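Remarks on the structure that follows.
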Amino acid sequence: MKSLMKWFFFLLLFVPAFLIGSQFLYPNVSHLEKVNPPKTAMMEIREREWRSEGKRYAVRQKWVSLDAISPYLVKAVLIGEDDKFWDHSGFDFDALQEAVQEDLRRKKFKRGGSTITQQLAKNLFLAPSKNLFRKMREAILTWRLERSLSKARILEIYLNVAEWGDRGIFGIEAAAERYYSKPASDLTAEESARLAAVLPKPRKYSPIGKSLFVENRSRHIYDIMVKRGIVAPEESDFFLFDFFK
C-alpha cells in the first residue's frame with residue numbers, strides 16, 4: 001500500500017512537471033515569424049462549445065498585415081491592453097503585482113494583468129481556465145514568443161487572432177467588417193477606441209452597443225489618444241456627440 005502511495009505521489013508531481021517542462025520545446029513557435037497560425041486553441045475551444053450547444057456558428061477571420069490595420073486601432077489596443085508593450089520583455093511586473101494584490105484582497109484568482117504576448121500565448125495554445133498550472137505554461141510560452149518573434153510580429157498575430165465577438169468573430173479585419181462594414185485599414189479613432197474597449201469581454205459587449213462599460217472604457221482610451229497627440233483635440237467633440245446622439 002505504501003509503495004502504491006509513493007507511485008501515486010510521484011506521478012502527481014512528475015506529470016505536471018513534465019507537462020510544464022515540455023513547453024520549453026513544444027509547440028514550435030519560431031515558425032510563426034513567417035507562417036500565420038491556421039487555427040488557434042481558442043478557436044477550437046469555441047467550435048467545440050458551439051457543437052455541444054447545437055449552435056451553427058463558424059469562425060470568421062480574415063488575415064491582414066500590420067500595415068493594413070488603422071494606426072488608430074493599433075494605438076487604441078496598446079493603450080487599452082498593454083501600454084508598455086514595446087518596452088517589456090513579455091511581462092509587465094507592475095501590472096502583475098497589482099493583479100496579485102487585487103486577487104488577494106478579493107480572495108479570488110481572477111484579475112489578469114496579462115500583456116499582449118501573454119494573451120497571445122493563451123489564445124494560440126492554451127485553455128482559458130485560470131489556475132497556477134496554466135499560468136506557468138503561459139509564462140514559458142510567453143518567454144519563448146518574445147525570444148522567437150519580433151514585437152511587430154507578435155502584435156500582428158495578436159490583432160489577427162483575438163476574439164472580437166460572440167459568434168465566431170476573430171481578428172480585427174472580421175471585426176471591422178462585422179461592426180462597421182469597412183476594412184480594418186479605414187477604422188477611425190472613435191471606432192478603434194470602441195473596438196479596443198471590448199477586448200477584455202468580447203462576447204459580452206459590442207463596440208456598437210450603448211453599455212456603460214463600453215462608453216466609459218472607450219472614452220478613457222480615446223482621451224489618452226487625444227492627450228498623446230494621436231488624435232487632434234478638435235476631433236474629440238465628435239466622439240462625445242456620437243455617444244449621446
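Chain labels follow the order of the C-alpha cells: the first chain is A, the next B, and so on; residue numbering restarts at 1 in every chain, and ligands are counted from 1 in their shown order.
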
Shell of 7 Å around Val214 (chain A), only C-alpha atoms, local chain residues under 6 positions omitted, as a list in words
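The residues satisfying every condition are Arg194, Ala197, Val198 and Pro207 of chain A.
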
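CA of Lys182 (chain A) lies 20.7 Å from CA of Arg203 (chain A).
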
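Taking only C-alpha atoms into account, Ser181 (chain A) lies nearest to A:Ile208 out of the set A:Ile221, A:Ile208, A:Arg228, A:His31.
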
Between CA of Val77 (chain A) and CA of Ala196 (chain A) - distance in Å to one decimal:
4.9 Å

Write out as an NGL selection string which residues come within 12 Å of Asp83 (chain A) when counting only C-alpha atoms, dropping same-chain ones fewer than 4 positions away.
:A and (74-79 or 87-88 or 91-92 or 94-95 or 113-116 or 221 or 224-225)

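Distance-wise, CA of Ser185 (chain A) and CA of Glu163 (chain A) end up 18.3 Å apart.
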
Quick one: residues within 9 Å of Ala152 (chain A), only C-alpha atoms, excluding same-chain residues fewer than 3 positions away - as a list in words?
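In the requested format, the answer is Leu66, Trp86, Leu149, Leu155, Glu156 and Ile157 of chain A.
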
Contacts of Asp186 (chain A) at 10 Å or less, counting only C-alpha atoms, minus same-chain residues fewer than 5 places along, as a list of chain:residue names?
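So, after excluding close chain neighbours, the residues are A:Ala68, A:Ile69, A:Ser70, A:Pro71, A:Tyr72, A:Leu73, A:Ala176, A:Tyr180, A:Ser181, A:Glu191, A:Ser192.
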
Can I get the selection written as a compact mmCIF listing (two decimals), in the first residue's frame, with C-alpha atoms?
# COMPACT_ATOMS: atom_id res chain seq x y z
CA ALA A 68 -3.07 47.17 -43.36
CA ILE A 69 -4.57 47.98 -39.95
CA SER A 70 -5.52 51.51 -38.96
CA PRO A 71 -2.81 53.12 -36.80
CA TYR A 72 -5.65 54.37 -34.60
CA LEU A 73 -6.67 50.79 -33.87
CA ALA A 176 -14.19 45.87 -38.64
CA TYR A 180 -18.53 48.98 -39.19
CA SER A 181 -18.80 47.46 -42.69
CA GLU A 191 -14.25 53.16 -33.85
CA SER A 192 -10.81 51.99 -32.79

Counting only C-alpha atoms, what is within 12 Å of Leu124 (chain A), bar same-chain residues fewer than 5 positions away, as JSON, numbers by chain?
{"A": [27, 28, 29, 32, 36, 37, 38, 39, 40, 41, 42, 43, 44, 45, 116, 117, 118, 119, 138, 141, 142, 145, 154, 157, 158, 160, 161, 162, 163]}

Writing out the chosen residues with N, CA and C atoms as a PDB file, in the first residue's frame:
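Output contents, as saved in selection_15.pdb:
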ATOM      1  N   PRO A  27       4.887  23.702 -28.040  1.00  0.00           N
ATOM      2  CA  PRO A  27       4.902  23.633 -29.507  1.00  0.00           C
ATOM      3  C   PRO A  27       5.983  24.531 -30.115  1.00  0.00           C
ATOM      4  N   ASN A  28       6.218  24.322 -31.400  1.00  0.00           N
ATOM      5  CA  ASN A  28       7.171  25.147 -32.135  1.00  0.00           C
ATOM      6  C   ASN A  28       6.587  26.545 -32.318  1.00  0.00           C
ATOM      7  N   VAL A  29       7.321  27.568 -31.925  1.00  0.00           N
ATOM      8  CA  VAL A  29       6.829  28.941 -32.081  1.00  0.00           C
ATOM      9  C   VAL A  29       7.657  29.756 -33.068  1.00  0.00           C
ATOM     10  N   LEU A  32       6.339  30.866 -36.492  1.00  0.00           N
ATOM     11  CA  LEU A  32       5.303  31.894 -36.556  1.00  0.00           C
ATOM     12  C   LEU A  32       5.844  33.241 -37.038  1.00  0.00           C
ATOM     13  N   ASN A  36       1.533  32.159 -40.734  1.00  0.00           N
ATOM     14  CA  ASN A  36       0.359  32.524 -39.943  1.00  0.00           C
ATOM     15  C   ASN A  36      -0.285  31.270 -39.346  1.00  0.00           C
ATOM     16  N   PRO A  37      -0.667  31.313 -38.078  1.00  0.00           N
ATOM     17  CA  PRO A  37      -1.316  30.133 -37.480  1.00  0.00           C
ATOM     18  C   PRO A  37      -2.662  29.873 -38.150  1.00  0.00           C
ATOM     19  N   PRO A  38      -2.923  28.653 -38.617  1.00  0.00           N
ATOM     20  CA  PRO A  38      -4.189  28.355 -39.298  1.00  0.00           C
ATOM     21  C   PRO A  38      -5.390  28.411 -38.369  1.00  0.00           C
ATOM     22  N   LYS A  39      -5.227  27.972 -37.137  1.00  0.00           N
ATOM     23  CA  LYS A  39      -6.321  27.977 -36.175  1.00  0.00           C
ATOM     24  C   LYS A  39      -5.719  27.962 -34.772  1.00  0.00           C
ATOM     25  N   THR A  40      -6.324  28.711 -33.877  1.00  0.00           N
ATOM     26  CA  THR A  40      -5.800  28.786 -32.519  1.00  0.00           C
ATOM     27  C   THR A  40      -6.550  27.837 -31.591  1.00  0.00           C
ATOM     28  N   ALA A  41      -5.955  27.615 -30.417  1.00  0.00           N
ATOM     29  CA  ALA A  41      -6.612  26.782 -29.406  1.00  0.00           C
ATOM     30  C   ALA A  41      -7.954  27.389 -29.006  1.00  0.00           C
ATOM     31  N   MET A  42      -8.009  28.721 -28.916  1.00  0.00           N
ATOM     32  CA  MET A  42      -9.257  29.373 -28.548  1.00  0.00           C
ATOM     33  C   MET A  42     -10.339  29.146 -29.595  1.00  0.00           C
ATOM     34  N   MET A  43      -9.980  29.201 -30.855  1.00  0.00           N
ATOM     35  CA  MET A  43     -10.952  28.934 -31.923  1.00  0.00           C
ATOM     36  C   MET A  43     -11.489  27.510 -31.825  1.00  0.00           C
ATOM     37  N   GLU A  44     -10.597  26.563 -31.574  1.00  0.00           N
ATOM     38  CA  GLU A  44     -11.022  25.163 -31.457  1.00  0.00           C
ATOM     39  C   GLU A  44     -11.926  24.969 -30.244  1.00  0.00           C
ATOM     40  N   ILE A  45     -11.628  25.657 -29.158  1.00  0.00           N
ATOM     41  CA  ILE A  45     -12.474  25.581 -27.961  1.00  0.00           C
ATOM     42  C   ILE A  45     -13.872  26.110 -28.266  1.00  0.00           C
ATOM     43  N   ILE A 116       0.065  41.662 -23.919  1.00  0.00           N
ATOM     44  CA  ILE A 116      -0.418  41.155 -25.206  1.00  0.00           C
ATOM     45  C   ILE A 116       0.278  39.840 -25.550  1.00  0.00           C
ATOM     46  N   THR A 117       1.552  39.718 -25.240  1.00  0.00           N
ATOM     47  CA  THR A 117       2.273  38.471 -25.532  1.00  0.00           C
ATOM     48  C   THR A 117       1.707  37.317 -24.717  1.00  0.00           C
ATOM     49  N   GLN A 118       1.371  37.560 -23.459  1.00  0.00           N
ATOM     50  CA  GLN A 118       0.754  36.520 -22.629  1.00  0.00           C
ATOM     51  C   GLN A 118      -0.624  36.137 -23.174  1.00  0.00           C
ATOM     52  N   GLN A 119      -1.391  37.129 -23.589  1.00  0.00           N
ATOM     53  CA  GLN A 119      -2.700  36.840 -24.162  1.00  0.00           C
ATOM     54  C   GLN A 119      -2.566  36.034 -25.448  1.00  0.00           C
ATOM     55  N   GLU A 138       1.756  29.269 -19.543  1.00  0.00           N
ATOM     56  CA  GLU A 138       1.627  30.529 -20.269  1.00  0.00           C
ATOM     57  C   GLU A 138       2.908  31.362 -20.161  1.00  0.00           C
ATOM     58  N   LEU A 141       5.607  29.903 -22.492  1.00  0.00           N
ATOM     59  CA  LEU A 141       5.291  30.178 -23.890  1.00  0.00           C
ATOM     60  C   LEU A 141       5.464  31.660 -24.213  1.00  0.00           C
ATOM     61  N   THR A 142       5.139  32.523 -23.257  1.00  0.00           N
ATOM     62  CA  THR A 142       5.335  33.964 -23.450  1.00  0.00           C
ATOM     63  C   THR A 142       6.808  34.273 -23.632  1.00  0.00           C
ATOM     64  N   LEU A 145       7.874  33.124 -27.094  1.00  0.00           N
ATOM     65  CA  LEU A 145       7.375  34.001 -28.158  1.00  0.00           C
ATOM     66  C   LEU A 145       8.215  35.270 -28.249  1.00  0.00           C
ATOM     67  N   ILE A 154       4.497  39.831 -33.141  1.00  0.00           N
ATOM     68  CA  ILE A 154       3.622  39.441 -32.031  1.00  0.00           C
ATOM     69  C   ILE A 154       2.335  40.246 -32.074  1.00  0.00           C
ATOM     70  N   ILE A 157       0.091  39.157 -35.105  1.00  0.00           N
ATOM     71  CA  ILE A 157      -0.624  37.898 -34.871  1.00  0.00           C
ATOM     72  C   ILE A 157      -1.759  38.117 -33.882  1.00  0.00           C
ATOM     73  N   TYR A 158      -1.468  38.835 -32.808  1.00  0.00           N
ATOM     74  CA  TYR A 158      -2.497  39.071 -31.794  1.00  0.00           C
ATOM     75  C   TYR A 158      -3.727  39.746 -32.392  1.00  0.00           C
ATOM     76  N   ASN A 160      -4.817  39.643 -35.269  1.00  0.00           N
ATOM     77  CA  ASN A 160      -5.496  38.768 -36.228  1.00  0.00           C
ATOM     78  C   ASN A 160      -6.182  37.562 -35.601  1.00  0.00           C
ATOM     79  N   VAL A 161      -5.847  37.252 -34.353  1.00  0.00           N
ATOM     80  CA  VAL A 161      -6.456  36.062 -33.728  1.00  0.00           C
ATOM     81  C   VAL A 161      -7.304  36.387 -32.503  1.00  0.00           C
ATOM     82  N   ALA A 162      -7.258  37.622 -32.028  1.00  0.00           N
ATOM     83  CA  ALA A 162      -8.023  37.991 -30.842  1.00  0.00           C
ATOM     84  C   ALA A 162      -9.518  37.806 -31.091  1.00  0.00           C
ATOM     85  N   GLU A 163     -10.214  37.319 -30.085  1.00  0.00           N
ATOM     86  CA  GLU A 163     -11.663  37.138 -30.198  1.00  0.00           C
ATOM     87  C   GLU A 163     -12.336  38.497 -30.054  1.00  0.00           C
TER      88      GLU A 163
END

A:Ser89, A:Ile140, A:Gly80, A:Arg60 ranked by distance to Leu195 (chain A), top pick (using only C-alpha atoms)
A:Gly80

Report the residues of region 12-243 of chain A whose backbone DSSP state falls under strand (DSSP E or B), written as a PyMOL selection string.
chain A and resi 60+163+169-170

Save out the residues we just selected, C-alpha atoms, as a compact mmCIF listing (two decimals), in the first residue's frame.
# COMPACT_ATOMS: atom_id res chain seq x y z
CA ARG A 60 -14.93 34.30 -39.15
CA GLU A 163 -11.66 37.14 -30.20
CA ILE A 169 -15.55 36.88 -34.85
CA PHE A 170 -11.78 36.60 -34.65
